[in-house]
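Student: Here you go, final_3.cif (mmCIF, C-alpha atoms):
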```
data_run
loop_
_atom_site.label_atom_id
_atom_site.label_comp_id
_atom_site.auth_asym_id
_atom_site.auth_seq_id
_atom_site.Cartn_x
_atom_site.Cartn_y
_atom_site.Cartn_z
CA MET A 1 0.00 0.00 0.00
CA LYS A 2 2.79 2.44 0.91
CA LYS A 3 4.48 1.65 -2.39
CA LEU A 4 1.27 2.41 -4.29
CA MET A 5 0.81 5.71 -2.41
CA LEU A 6 4.40 6.73 -3.12
CA LEU A 7 3.96 5.84 -6.78
CA GLY A 8 0.78 7.89 -6.92
CA LEU A 9 2.47 10.90 -5.32
CA SER A 10 5.39 10.58 -7.75
CA MET A 11 2.99 10.59 -10.70
CA LEU A 12 1.20 13.67 -9.39
CA LEU A 13 4.55 15.41 -8.91
CA VAL A 14 5.63 14.61 -12.50
CA LEU A 15 2.28 15.76 -13.88
CA GLY A 16 2.58 18.98 -11.86
CA ILE A 17 6.06 19.67 -13.20
CA LEU A 18 4.91 19.00 -16.79
CA ALA A 19 1.91 21.29 -16.35
CA GLY A 20 4.19 24.00 -14.96
CA CYS A 21 6.56 23.65 -17.93
CA ASN A 22 3.68 23.87 -20.40
CA SER A 23 2.35 26.92 -18.57
CA ASN A 24 5.76 28.62 -18.73
CA LYS A 25 6.03 27.90 -22.43
CA GLU A 26 2.62 29.45 -23.05
CA GLU A 27 3.56 32.56 -21.07
CA SER A 28 6.87 32.85 -22.91
CA SER A 29 5.11 32.54 -26.26
CA SER A 30 2.57 35.16 -25.22
CA GLU A 31 5.36 37.55 -24.22
CA GLY A 32 7.11 37.01 -27.54
CA ASN A 33 3.97 38.00 -29.43
CA ASN A 34 3.43 41.08 -27.29
CA GLU A 35 6.39 43.17 -28.43
CA GLY A 36 8.18 45.16 -25.78
CA SER A 37 6.24 43.72 -22.83
CA GLY A 38 7.04 40.98 -20.35
CA ASP A 39 10.13 40.24 -18.33
CA GLY A 40 12.42 38.87 -21.05
CA GLU A 41 16.11 39.61 -21.45
CA VAL A 42 16.93 43.29 -21.93
CA VAL A 43 19.08 43.96 -24.98
CA THR A 44 21.09 47.12 -25.68
CA LEU A 45 21.39 48.65 -29.12
CA ASN A 46 24.38 50.88 -29.89
CA LEU A 47 23.33 53.81 -32.06
CA PHE A 48 26.21 55.82 -33.54
CA GLN A 49 25.12 58.96 -35.38
CA PHE A 50 26.50 62.28 -36.58
CA LYS A 51 23.74 64.89 -36.41
CA VAL A 52 24.82 66.93 -33.41
CA GLU A 53 21.96 69.38 -33.86
CA ILE A 54 19.38 66.76 -32.81
CA ALA A 55 21.43 64.88 -30.22
CA ASP A 56 19.35 66.06 -27.25
CA GLN A 57 16.02 65.58 -29.01
CA LEU A 58 17.07 62.14 -30.24
CA GLN A 59 17.95 61.12 -26.70
CA ALA A 60 14.52 62.26 -25.52
CA MET A 61 12.87 60.24 -28.28
CA ILE A 62 14.89 57.18 -27.30
CA LYS A 63 13.56 57.45 -23.73
CA GLU A 64 10.01 57.32 -25.06
CA PHE A 65 10.86 54.33 -27.24
CA GLU A 66 12.36 52.52 -24.24
CA ALA A 67 9.24 53.24 -22.18
CA GLU A 68 7.17 51.47 -24.84
CA HIS A 69 9.76 48.69 -25.32
CA PRO A 70 11.15 47.90 -21.84
CA ASN A 71 13.17 44.97 -23.20
CA ILE A 72 15.17 47.22 -25.57
CA LYS A 73 17.65 49.85 -24.47
CA VAL A 74 19.35 52.23 -26.91
CA LYS A 75 22.79 53.67 -26.17
CA LEU A 76 23.30 56.86 -28.18
CA GLU A 77 26.67 58.21 -29.24
CA THR A 78 26.97 61.31 -31.43
CA VAL A 79 30.05 62.37 -33.37
CA GLY A 80 29.61 65.28 -35.77
CA GLY A 81 29.88 69.00 -36.20
CA GLY A 82 33.59 69.58 -36.61
CA ALA A 83 34.51 65.96 -35.88
CA ASP A 84 35.09 63.39 -38.64
CA TYR A 85 32.21 60.92 -38.36
CA GLY A 86 33.51 58.71 -41.17
CA ALA A 87 36.90 58.25 -39.52
CA ALA A 88 35.26 57.63 -36.15
CA LEU A 89 32.98 54.97 -37.66
CA LYS A 90 35.92 53.18 -39.28
CA ALA A 91 37.70 53.22 -35.92
CA LYS A 92 34.64 51.65 -34.28
CA PHE A 93 34.67 48.73 -36.71
CA ALA A 94 38.45 48.35 -36.54
CA SER A 95 38.31 48.07 -32.73
CA GLY A 96 35.48 45.53 -32.76
CA GLU A 97 32.99 48.01 -31.24
CA GLU A 98 30.64 47.79 -34.20
CA PRO A 99 27.43 49.78 -33.71
CA ASP A 100 24.06 48.19 -34.41
CA ILE A 101 22.64 51.32 -36.02
CA PHE A 102 24.69 54.00 -37.79
CA ASN A 103 24.65 56.50 -40.66
CA ASN A 104 25.58 56.08 -44.31
CA GLY A 105 25.43 58.69 -47.06
CA GLY A 106 24.78 56.30 -49.91
CA PHE A 107 26.21 56.19 -53.43
CA LYS A 108 29.99 55.66 -53.08
CA GLU A 109 29.62 55.39 -49.32
CA LEU A 110 27.10 52.58 -49.83
CA GLU A 111 29.67 50.74 -51.95
CA LEU A 112 32.29 51.16 -49.22
CA TRP A 113 30.08 49.78 -46.44
CA LYS A 114 27.68 47.46 -48.26
CA GLU A 115 29.33 44.28 -46.96
CA HIS A 116 28.37 45.33 -43.42
CA LEU A 117 24.78 46.38 -44.13
CA ALA A 118 21.46 44.58 -43.73
CA ASP A 119 19.01 44.53 -46.64
CA LEU A 120 16.01 46.63 -45.59
CA SER A 121 13.98 46.26 -48.80
CA ASN A 122 11.14 44.34 -47.12
CA GLU A 123 10.78 46.49 -44.02
CA PRO A 124 7.22 47.84 -43.52
CA TRP A 125 8.31 51.48 -43.90
CA ALA A 126 10.08 50.95 -47.25
CA GLU A 127 6.91 51.37 -49.33
CA HIS A 128 6.40 54.86 -47.87
CA VAL A 129 9.84 56.30 -48.74
CA LEU A 130 9.64 59.12 -51.30
CA PRO A 131 11.44 58.31 -54.59
CA ILE A 132 14.22 60.84 -53.89
CA GLY A 133 14.79 59.14 -50.53
CA LYS A 134 15.49 55.71 -52.01
CA VAL A 135 18.13 56.75 -54.55
CA PRO A 136 21.25 57.04 -52.33
CA THR A 137 21.06 53.58 -50.71
CA THR A 138 19.54 51.45 -53.46
CA ASP A 139 22.10 49.23 -55.18
CA ALA A 140 22.26 48.05 -58.79
CA ASP A 141 20.10 45.03 -57.90
CA GLY A 142 17.34 47.23 -56.53
CA LYS A 143 17.96 46.35 -52.88
CA LEU A 144 17.40 49.10 -50.31
CA TYR A 145 20.02 49.32 -47.55
CA GLY A 146 19.15 52.58 -45.82
CA MET A 147 16.24 54.47 -44.32
CA PRO A 148 16.51 58.20 -45.16
CA VAL A 149 16.96 60.40 -42.11
CA ASN A 150 15.06 63.28 -43.72
CA LEU A 151 15.17 65.75 -46.57
CA GLU A 152 17.36 68.82 -46.15
CA GLY A 153 18.37 71.84 -48.11
CA TYR A 154 20.84 74.64 -47.76
CA GLY A 155 21.82 77.99 -49.18
CA PHE A 156 22.25 81.44 -47.69
CA ILE A 157 20.01 81.76 -44.64
CA TYR A 158 19.13 85.44 -44.27
CA ASN A 159 17.83 87.60 -41.45
CA LYS A 160 14.74 89.29 -42.88
CA ASP A 161 14.74 92.05 -40.26
CA LEU A 162 18.35 93.04 -41.02
CA PHE A 163 17.59 93.04 -44.74
CA GLU A 164 14.66 95.35 -44.11
CA LYS A 165 16.84 97.59 -41.95
CA ALA A 166 19.31 97.88 -44.83
CA GLY A 167 16.54 98.82 -47.25
CA ILE A 168 16.63 95.56 -49.23
CA THR A 169 13.05 95.16 -50.46
CA GLU A 170 13.56 92.36 -52.96
CA THR A 171 15.32 89.15 -51.97
CA PRO A 172 18.39 88.60 -54.18
CA LYS A 173 18.19 85.65 -56.52
CA THR A 174 21.15 86.28 -58.83
CA LEU A 175 24.82 87.04 -58.23
CA SER A 176 24.47 90.72 -59.16
CA GLU A 177 21.48 91.12 -56.87
CA LEU A 178 23.40 89.44 -54.04
CA GLN A 179 26.36 91.76 -54.57
CA ASP A 180 24.02 94.78 -54.45
CA ALA A 181 22.45 93.49 -51.23
CA VAL A 182 25.90 93.14 -49.65
CA LYS A 183 26.68 96.77 -50.51
CA LYS A 184 23.44 97.94 -48.88
CA LEU A 185 24.13 95.89 -45.75
CA GLU A 186 27.66 97.24 -45.44
CA ALA A 187 26.38 100.80 -45.96
CA ALA A 188 23.96 100.25 -43.08
CA GLY A 189 26.78 99.06 -40.84
CA ILE A 190 25.67 95.43 -40.99
CA LYS A 191 28.14 92.65 -41.68
CA ALA A 192 26.89 90.58 -44.59
CA PHE A 193 28.09 87.05 -43.86
CA SER A 194 28.85 84.71 -41.04
CA ALA A 195 31.16 82.51 -43.10
CA GLY A 196 32.36 79.23 -41.59
CA TYR A 197 35.44 78.59 -43.71
CA GLY A 198 37.08 76.83 -40.79
CA GLU A 199 34.83 73.79 -41.36
CA TRP A 200 35.82 71.48 -44.22
CA TRP A 201 32.25 70.34 -44.92
CA VAL A 202 30.84 73.86 -45.12
CA ILE A 203 33.15 74.81 -48.00
CA GLY A 204 34.65 71.58 -49.33
CA GLN A 205 31.29 69.84 -49.53
CA HIS A 206 28.29 72.16 -49.47
CA LEU A 207 29.78 75.23 -51.18
CA PHE A 208 31.85 73.20 -53.64
CA ASN A 209 28.73 71.20 -54.57
CA ILE A 210 27.12 74.27 -56.17
CA PRO A 211 29.18 74.32 -59.40
CA PHE A 212 28.79 70.54 -59.70
CA ALA A 213 25.02 70.73 -59.23
CA GLN A 214 24.69 73.66 -61.66
CA GLN A 215 26.15 71.65 -64.55
CA ASP A 216 23.72 70.80 -67.35
CA ASP A 217 24.23 67.13 -66.40
CA PRO A 218 26.01 66.77 -63.02
CA VAL A 219 26.39 62.98 -63.26
CA ALA A 220 27.84 63.20 -66.78
CA PHE A 221 30.28 65.90 -65.62
CA ILE A 222 31.47 63.69 -62.75
CA GLU A 223 31.84 60.73 -65.09
CA GLY A 224 33.86 63.01 -67.35
CA LEU A 225 36.19 63.86 -64.48
CA ASN A 226 36.65 60.15 -63.92
CA ASP A 227 37.51 59.36 -67.54
CA GLY A 228 39.44 62.58 -68.17
CA SER A 229 37.04 64.11 -70.70
CA THR A 230 36.12 67.08 -68.44
CA LYS A 231 38.28 69.38 -66.31
CA PHE A 232 37.79 71.95 -63.54
CA ALA A 233 39.90 74.57 -65.31
CA GLY A 234 37.93 76.18 -68.11
CA ASN A 235 34.58 75.04 -66.73
CA GLU A 236 32.19 77.99 -66.54
CA GLN A 237 30.55 77.10 -63.23
CA PHE A 238 33.83 76.46 -61.40
CA SER A 239 35.24 79.73 -62.72
CA GLN A 240 32.16 81.54 -61.38
CA LEU A 241 32.59 80.03 -57.90
CA LYS A 242 35.47 82.45 -57.33
CA GLU A 243 33.05 85.39 -57.12
CA VAL A 244 31.01 83.75 -54.36
CA ILE A 245 34.10 82.88 -52.30
CA ASP A 246 35.47 86.41 -52.66
CA LEU A 247 32.13 87.94 -51.67
CA GLU A 248 31.80 85.84 -48.51
CA VAL A 249 35.37 86.18 -47.29
CA LYS A 250 35.69 89.92 -47.94
CA ASN A 251 32.38 90.69 -46.28
CA GLY A 252 32.40 88.21 -43.42
CA VAL A 253 32.32 89.00 -39.72
CA GLY A 254 35.51 88.15 -37.81
CA ASN A 255 37.96 85.82 -39.54
CA PRO A 256 35.95 83.52 -41.82
CA ILE A 257 38.90 81.18 -42.42
CA THR A 258 39.09 80.18 -38.74
CA THR A 259 35.36 80.33 -37.96
CA ASP A 260 33.93 76.94 -36.95
CA TYR A 261 30.34 75.71 -37.13
CA ASN A 262 29.20 76.70 -33.63
CA THR A 263 30.73 80.16 -33.92
CA GLN A 264 29.31 80.64 -37.39
CA VAL A 265 25.74 79.81 -36.36
CA THR A 266 26.00 81.76 -33.10
CA LEU A 267 27.21 84.92 -34.85
CA PHE A 268 24.25 84.80 -37.20
CA ALA A 269 21.71 83.92 -34.50
CA SER A 270 22.99 86.80 -32.36
CA GLY A 271 22.34 89.27 -35.18
CA GLU A 272 26.01 90.02 -35.90
CA ALA A 273 25.68 89.04 -39.56
CA ALA A 274 22.80 89.09 -42.04
CA MET A 275 23.54 85.85 -43.88
CA LEU A 276 24.74 82.36 -43.07
CA GLN A 277 25.78 79.68 -45.55
CA GLN A 278 24.10 76.70 -43.90
CA GLY A 279 21.04 74.48 -44.03
CA ASN A 280 17.72 73.98 -42.30
CA TRP A 281 19.44 71.67 -39.78
CA THR A 282 20.58 74.84 -37.97
CA GLU A 283 17.00 75.90 -37.19
CA ASN A 284 16.88 74.49 -33.64
CA MET A 285 20.21 76.02 -32.68
CA ILE A 286 19.31 79.42 -34.13
CA THR A 287 15.91 79.61 -32.44
CA GLU A 288 17.35 78.48 -29.10
CA ILE A 289 19.64 81.53 -29.22
CA ASN A 290 17.08 83.85 -30.77
CA PRO A 291 13.47 82.60 -30.58
CA ASP A 292 12.25 85.66 -32.50
CA MET A 293 14.53 85.20 -35.51
CA ASN A 294 12.69 86.02 -38.75
CA MET A 295 14.54 84.14 -41.49
CA GLY A 296 14.40 82.37 -44.82
CA PHE A 297 16.58 81.01 -47.61
CA LEU A 298 18.35 82.60 -50.54
CA PRO A 299 20.13 80.60 -53.24
CA ILE A 300 23.92 80.56 -53.60
CA PRO A 301 23.97 82.10 -57.09
CA LEU A 302 26.97 81.66 -59.37
CA ASN A 303 25.71 84.01 -62.07
CA ASP A 304 22.75 86.08 -63.26
CA GLU A 305 21.00 83.28 -65.11
CA ALA A 306 17.37 82.45 -64.38
CA ASP A 307 18.30 79.05 -62.96
CA ALA A 308 20.52 80.65 -60.30
CA ASP A 309 17.50 80.71 -57.96
CA LEU A 310 17.73 77.04 -56.97
CA LEU A 311 18.45 75.36 -53.65
CA PRO A 312 20.40 72.12 -53.18
CA VAL A 313 17.99 69.61 -51.65
CA GLY A 314 18.66 65.98 -50.88
CA VAL A 315 18.91 63.20 -48.32
CA PRO A 316 21.66 64.20 -45.87
CA ASN A 317 22.16 60.69 -44.57
CA ASN A 318 20.51 57.38 -43.92
CA TRP A 319 19.96 55.03 -41.01
CA VAL A 320 21.57 51.67 -41.74
CA LEU A 321 21.81 48.45 -39.75
CA ASN A 322 24.82 46.26 -39.10
CA LYS A 323 23.87 42.92 -40.64
CA ASN A 324 26.10 41.13 -38.11
CA SER A 325 24.36 42.70 -35.13
CA GLU A 326 23.32 40.23 -32.42
CA HIS A 327 20.13 42.28 -32.06
CA LEU A 328 19.20 42.91 -35.68
CA GLU A 329 15.47 42.37 -35.15
CA GLU A 330 15.39 44.82 -32.25
CA ALA A 331 17.26 47.36 -34.39
CA LYS A 332 14.64 46.92 -37.12
CA THR A 333 11.94 47.45 -34.49
CA PHE A 334 13.52 50.77 -33.49
CA LEU A 335 13.73 52.08 -37.08
CA ASN A 336 10.16 51.07 -37.84
CA TRP A 337 8.86 52.66 -34.62
CA MET A 338 10.64 55.91 -35.44
CA VAL A 339 8.69 56.41 -38.70
CA SER A 340 5.42 54.59 -37.97
CA SER A 341 4.46 55.47 -34.38
CA GLU A 342 2.76 58.77 -33.60
CA THR A 343 5.51 59.52 -31.08
CA GLY A 344 8.28 58.95 -33.60
CA LYS A 345 6.53 61.00 -36.28
CA ARG A 346 6.05 63.88 -33.85
CA TYR A 347 9.73 63.92 -32.97
CA ILE A 348 10.75 63.90 -36.63
CA THR A 349 8.60 66.86 -37.61
CA GLU A 350 8.23 68.92 -34.42
CA GLU A 351 11.27 68.19 -32.25
CA PHE A 352 13.87 67.56 -34.95
CA ALA A 353 12.24 70.13 -37.28
CA PHE A 354 12.88 67.67 -40.13
CA ILE A 355 11.27 67.55 -43.55
CA PRO A 356 10.15 63.90 -43.67
CA ALA A 357 11.20 61.69 -46.58
CA PHE A 358 8.04 59.56 -46.21
CA ASP A 359 4.59 59.92 -47.76
CA ASN A 360 2.90 58.80 -44.53
CA ILE A 361 4.41 61.56 -42.38
CA GLU A 362 2.85 64.99 -42.74
CA ALA A 363 5.34 67.86 -42.86
CA SER A 364 3.76 69.76 -39.96
CA GLY A 365 5.39 71.95 -37.35
CA LEU A 366 8.21 73.07 -39.64
CA GLY A 367 10.00 76.29 -38.80
CA ASP A 368 10.87 79.11 -41.20
CA LEU A 369 13.80 77.24 -42.73
CA GLY A 370 12.06 73.91 -43.14
CA GLN A 371 9.07 75.64 -44.69
CA SER A 372 11.33 77.52 -47.09
CA ILE A 373 13.00 74.29 -48.25
CA LEU A 374 9.59 72.67 -48.66
CA GLU A 375 8.37 75.57 -50.83
CA TYR A 376 11.43 75.36 -53.09
CA SER A 377 10.95 71.60 -53.34
CA LYS A 378 7.26 71.86 -54.25
CA ALA A 379 8.13 74.46 -56.90
CA GLU A 380 10.77 72.02 -58.26
CA LYS A 381 13.42 74.72 -57.83
CA THR A 382 16.12 72.39 -56.56
CA ILE A 383 19.53 71.07 -57.56
CA PRO A 384 21.13 67.82 -56.34
CA TRP A 385 23.70 66.95 -53.73
CA THR A 386 26.59 65.45 -55.68
CA TRP A 387 29.33 64.91 -53.09
CA PHE A 388 28.30 61.33 -52.41
CA ARG A 389 29.56 60.61 -55.94
CA TRP A 390 32.98 62.20 -55.36
CA PRO A 391 36.12 60.18 -54.58
CA ASP A 392 36.47 59.29 -50.90
CA GLY A 393 38.31 62.05 -49.04
CA ALA A 394 38.13 64.58 -51.88
CA ASN A 395 35.84 66.94 -49.94
CA LYS A 396 38.47 67.57 -47.26
CA GLU A 397 41.18 68.28 -49.83
CA PHE A 398 38.86 70.61 -51.73
CA ALA A 399 38.26 72.47 -48.46
CA ALA A 400 41.99 72.81 -47.78
CA THR A 401 42.48 74.30 -51.26
CA ILE A 402 39.61 76.76 -50.80
CA GLN A 403 41.09 77.82 -47.46
CA GLU A 404 44.48 78.39 -49.13
CA TYR A 405 42.87 80.57 -51.78
CA ALA A 406 40.71 82.46 -49.26
CA ALA A 407 43.84 83.17 -47.19
CA GLY A 408 45.62 84.59 -50.24
CA LYS A 409 48.25 81.85 -50.35
CA ILE A 410 47.44 80.69 -53.89
CA SER A 411 45.72 82.16 -56.94
CA TYR A 412 42.36 80.88 -58.12
CA GLU A 413 44.04 79.38 -61.19
CA GLU A 414 46.28 77.40 -58.85
CA ALA A 415 43.21 76.39 -56.86
CA LEU A 416 41.59 74.95 -60.00
CA GLU A 417 44.77 72.97 -60.70
CA LYS A 418 44.73 71.62 -57.14
CA PHE A 419 41.07 70.62 -57.44
CA GLN A 420 41.97 68.65 -60.55
CA ALA A 421 44.99 67.00 -58.92
CA THR A 422 42.83 65.98 -55.94
CA TRP A 423 40.28 64.30 -58.17
CA ASP A 424 42.88 62.58 -60.34
CA ASN A 425 44.74 61.22 -57.32
CA LEU A 426 41.65 59.91 -55.51
CA LYS A 427 39.30 58.76 -58.26
#
```
Before we go any further, please render this structure as structure tokens.
Tutor:
Amino acid sequence: MKKLMLLGLSMLLVLGILAGCNSNKEESSSEGNNEGSGDGEVVTLNLFQFKVEIADQLQAMIKEFEAEHPNIKVKLETVGGGADYGAALKAKFASGEEPDIFNNGGFKELELWKEHLADLSNEPWAEHVLPIGKVPTTDADGKLYGMPVNLEGYGFIYNKDLFEKAGITETPKTLSELQDAVKKLEAAGIKAFSAGYGEWWVIGQHLFNIPFAQQDDPVAFIEGLNDGSTKFAGNEQFSQLKEVIDLEVKNGVGNPITTDYNTQVTLFASGEAAMLQQGNWTENMITEINPDMNMGFLPIPLNDEADADLLPVGVPNNWVLNKNSEHLEEAKTFLNWMVSSETGKRYITEEFAFIPAFDNIEASGLGDLGQSILEYSKAEKTIPWTWFRWPDGANKEFAATIQEYAAGKISYEEALEKFQATWDNLK
């Protein structure tokens, strides 16, 4: 009898254990289907990005994401502004500290990093990306490797109140009109430009893009540089760039050649200069310094032609995922949340002041600069960003040459020769 009782108790114990196991499995399965809830393992995503102007807002957005997804933490690291993001990213991979999420400019940069990137073609947000947003990170096979951060544009940001004070009633759209506006500003005791020639990307990338983008066929011109059929010297648009450089440097506040990004934006926001060669990404920084700033965009005109009134608009960068990440699915969850949730959409448009590159995100809450870029875009008065097609490292060498010319160390003819040598050596 005792043996039968013990056997019965043993059977009940086994059945209890099996029932408990089955119950645990059901709970685990339920947690897996209820994303971001439950008490599962907490994973940490390393996000390495370069847009310093949204670092604080991005961190705030991450906190809201983590509140909705308690099993996913996101560690943010920002390297940008005057720092070299590309070099820092290469160092991360070389040291084995590969981020899960990072930035990639597309085109040649896509080719350089493609072996590390996850294919994002089938992500739920991909169908909502505007056509212009897909171009930089779509390869020859039609695979999409990046999610566009936003659309951006740049030119000369101008202080409307200072223009009015100087008696400028019509916004300049050609080189001659810009030169006349500078004379009126100087006559009124107002410095014309806050010129950041101390930053390689301001001059060696954004400014130097203008003559590329103003070519009849920018891609064909670049291909010509690669095969030797086109040259910088003798090209009309690159010859005209000299006038813009001279105008900025001669009429800039302080010493333009040593002025960095933060100083450049601060000088403009403080009302010490009427114009700033920058983009709509500066909006948050400007309005933090001067909430009442009344501003808009002017083109960077090379001549007096009708098509001088165009702004360079494009995708500044893209979010990409490390295909070897141990937490690839969680990284995909973060990207999708950012552009599909109401919280993520609000941050993109209102907190980041971004122009969205998606057809399912309404461009609401834009400031003066974002609205100005949007108006130029809707009017199809835009030119492309071409630097992603340049040889790797050329932008920094172009900047060094422009700085030499601006400092009076070389002639403009010598500068054109140096531009050519840079391309030929790096292509």
Student: A:Thr343, A:Gln264, A:Asn46, A:Asn395: which is nearest Thr422 in chain A, counting all atoms listed in the file?
Tutor: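 Of all the options, A:Asn395 lies closest to Thr422 in chain A.
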Student: Using all atoms listed in the file for the distances, tell me which of A:Asn103, A:Thr259, A:Thr349, A:Ser341 is nearest to Gly196 in chain A.
Tutor: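 Closest to Gly196 in chain A of all the choices is A:Thr259.
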Student: Under the rule that all atoms listed in the file are counted, which of A:Glu236, A:Glu199, A:Gly408, A:Asp260 is the nearest residue to Gln215 in chain A?
Tutor: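 Of the candidates, the smallest distance to Gln215 in chain A is held by A:Glu236.
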Student: With a distance cut-off of 10 Å and all atoms listed in the file, select the neighbouring residues of range 72-80 of chain A, excluding the residue or stretch itself and same-chain residues fewer than 2 positions from it, and output the selection as an MDAnalysis selection string.
Tutor: chainID A and resid 36:37 40:56 58:59 62:63 65:70 82:86 88:89 99:102 327 330:331 333:334
Student: Quick one: distance from CA of Asp217 in chain A to CA of Trp385 in chain A in Å, one decimal?
Tutor: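 One can read the CA of Asp217 in chain A to CA of Trp385 in chain A distance as 12.7 Å.
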Student: As a PDB file with C-alpha atoms, in the coordinates of the input, please: the residues near Trp200 in chain A (cut-off 12 Å, only C-alpha atoms, same-chain neighbours under 5 positions excluded).
Tutor:
```pdb
ATOM      1  CA  GLY A  81      29.880  69.000 -36.200  1.00  0.00           C
ATOM      2  CA  GLY A  82      33.590  69.580 -36.610  1.00  0.00           C
ATOM      3  CA  ALA A  83      34.510  65.960 -35.880  1.00  0.00           C
ATOM      4  CA  ASP A  84      35.090  63.390 -38.640  1.00  0.00           C
ATOM      5  CA  GLN A 205      31.290  69.840 -49.530  1.00  0.00           C
ATOM      6  CA  HIS A 206      28.290  72.160 -49.470  1.00  0.00           C
ATOM      7  CA  LEU A 207      29.780  75.230 -51.180  1.00  0.00           C
ATOM      8  CA  PHE A 208      31.850  73.200 -53.640  1.00  0.00           C
ATOM      9  CA  ILE A 257      38.900  81.180 -42.420  1.00  0.00           C
ATOM     10  CA  THR A 258      39.090  80.180 -38.740  1.00  0.00           C
ATOM     11  CA  THR A 259      35.360  80.330 -37.960  1.00  0.00           C
ATOM     12  CA  ASP A 260      33.930  76.940 -36.950  1.00  0.00           C
ATOM     13  CA  TYR A 261      30.340  75.710 -37.130  1.00  0.00           C
ATOM     14  CA  GLY A 393      38.310  62.050 -49.040  1.00  0.00           C
ATOM     15  CA  ALA A 394      38.130  64.580 -51.880  1.00  0.00           C
ATOM     16  CA  ASN A 395      35.840  66.940 -49.940  1.00  0.00           C
ATOM     17  CA  LYS A 396      38.470  67.570 -47.260  1.00  0.00           C
ATOM     18  CA  GLU A 397      41.180  68.280 -49.830  1.00  0.00           C
ATOM     19  CA  PHE A 398      38.860  70.610 -51.730  1.00  0.00           C
ATOM     20  CA  ALA A 399      38.260  72.470 -48.460  1.00  0.00           C
ATOM     21  CA  ALA A 400      41.990  72.810 -47.780  1.00  0.00           C
ATOM     22  CA  THR A 401      42.480  74.300 -51.260  1.00  0.00           C
ATOM     23  CA  ILE A 402      39.610  76.760 -50.800  1.00  0.00           C
ATOM     24  CA  GLN A 403      41.090  77.820 -47.460  1.00  0.00           C
TER      25      GLN A 403
END
```
Student: Enumerate, as number ranges by chain, the residues matched when the PyMOL selection byres ((chain A and resi 184-186) around 12) is run on the file above.
Tutor: A: 158-169, 172, 177-183, 187-193, 250-253, 272-275
Student: Please produce a file of those selected residues containing C-alpha atoms, as a PDB file, in the frame of the given file.
Tutor:
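And here is the file that came out, out_24.pdb:
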```pdb
ATOM      1  CA  TYR A 158      19.130  85.440 -44.270  1.00  0.00           C
ATOM      2  CA  ASN A 159      17.830  87.600 -41.450  1.00  0.00           C
ATOM      3  CA  LYS A 160      14.740  89.290 -42.880  1.00  0.00           C
ATOM      4  CA  ASP A 161      14.740  92.050 -40.260  1.00  0.00           C
ATOM      5  CA  LEU A 162      18.350  93.040 -41.020  1.00  0.00           C
ATOM      6  CA  PHE A 163      17.590  93.040 -44.740  1.00  0.00           C
ATOM      7  CA  GLU A 164      14.660  95.350 -44.110  1.00  0.00           C
ATOM      8  CA  LYS A 165      16.840  97.590 -41.950  1.00  0.00           C
ATOM      9  CA  ALA A 166      19.310  97.880 -44.830  1.00  0.00           C
ATOM     10  CA  GLY A 167      16.540  98.820 -47.250  1.00  0.00           C
ATOM     11  CA  ILE A 168      16.630  95.560 -49.230  1.00  0.00           C
ATOM     12  CA  THR A 169      13.050  95.160 -50.460  1.00  0.00           C
ATOM     13  CA  PRO A 172      18.390  88.600 -54.180  1.00  0.00           C
ATOM     14  CA  GLU A 177      21.480  91.120 -56.870  1.00  0.00           C
ATOM     15  CA  LEU A 178      23.400  89.440 -54.040  1.00  0.00           C
ATOM     16  CA  GLN A 179      26.360  91.760 -54.570  1.00  0.00           C
ATOM     17  CA  ASP A 180      24.020  94.780 -54.450  1.00  0.00           C
ATOM     18  CA  ALA A 181      22.450  93.490 -51.230  1.00  0.00           C
ATOM     19  CA  VAL A 182      25.900  93.140 -49.650  1.00  0.00           C
ATOM     20  CA  LYS A 183      26.680  96.770 -50.510  1.00  0.00           C
ATOM     21  CA  ALA A 187      26.380 100.800 -45.960  1.00  0.00           C
ATOM     22  CA  ALA A 188      23.960 100.250 -43.080  1.00  0.00           C
ATOM     23  CA  GLY A 189      26.780  99.060 -40.840  1.00  0.00           C
ATOM     24  CA  ILE A 190      25.670  95.430 -40.990  1.00  0.00           C
ATOM     25  CA  LYS A 191      28.140  92.650 -41.680  1.00  0.00           C
ATOM     26  CA  ALA A 192      26.890  90.580 -44.590  1.00  0.00           C
ATOM     27  CA  PHE A 193      28.090  87.050 -43.860  1.00  0.00           C
ATOM     28  CA  LYS A 250      35.690  89.920 -47.940  1.00  0.00           C
ATOM     29  CA  ASN A 251      32.380  90.690 -46.280  1.00  0.00           C
ATOM     30  CA  GLY A 252      32.400  88.210 -43.420  1.00  0.00           C
ATOM     31  CA  VAL A 253      32.320  89.000 -39.720  1.00  0.00           C
ATOM     32  CA  GLU A 272      26.010  90.020 -35.900  1.00  0.00           C
ATOM     33  CA  ALA A 273      25.680  89.040 -39.560  1.00  0.00           C
ATOM     34  CA  ALA A 274      22.800  89.090 -42.040  1.00  0.00           C
ATOM     35  CA  MET A 275      23.540  85.850 -43.880  1.00  0.00           C
TER      36      MET A 275
END
```
Student: Ranking A:Asn226, A:Asn336, A:Gln214, A:Thr382 by minimum distance to Ala421 in chain A and counting all atoms listed in the file, which one comes first?
Tutor: A:Asn226
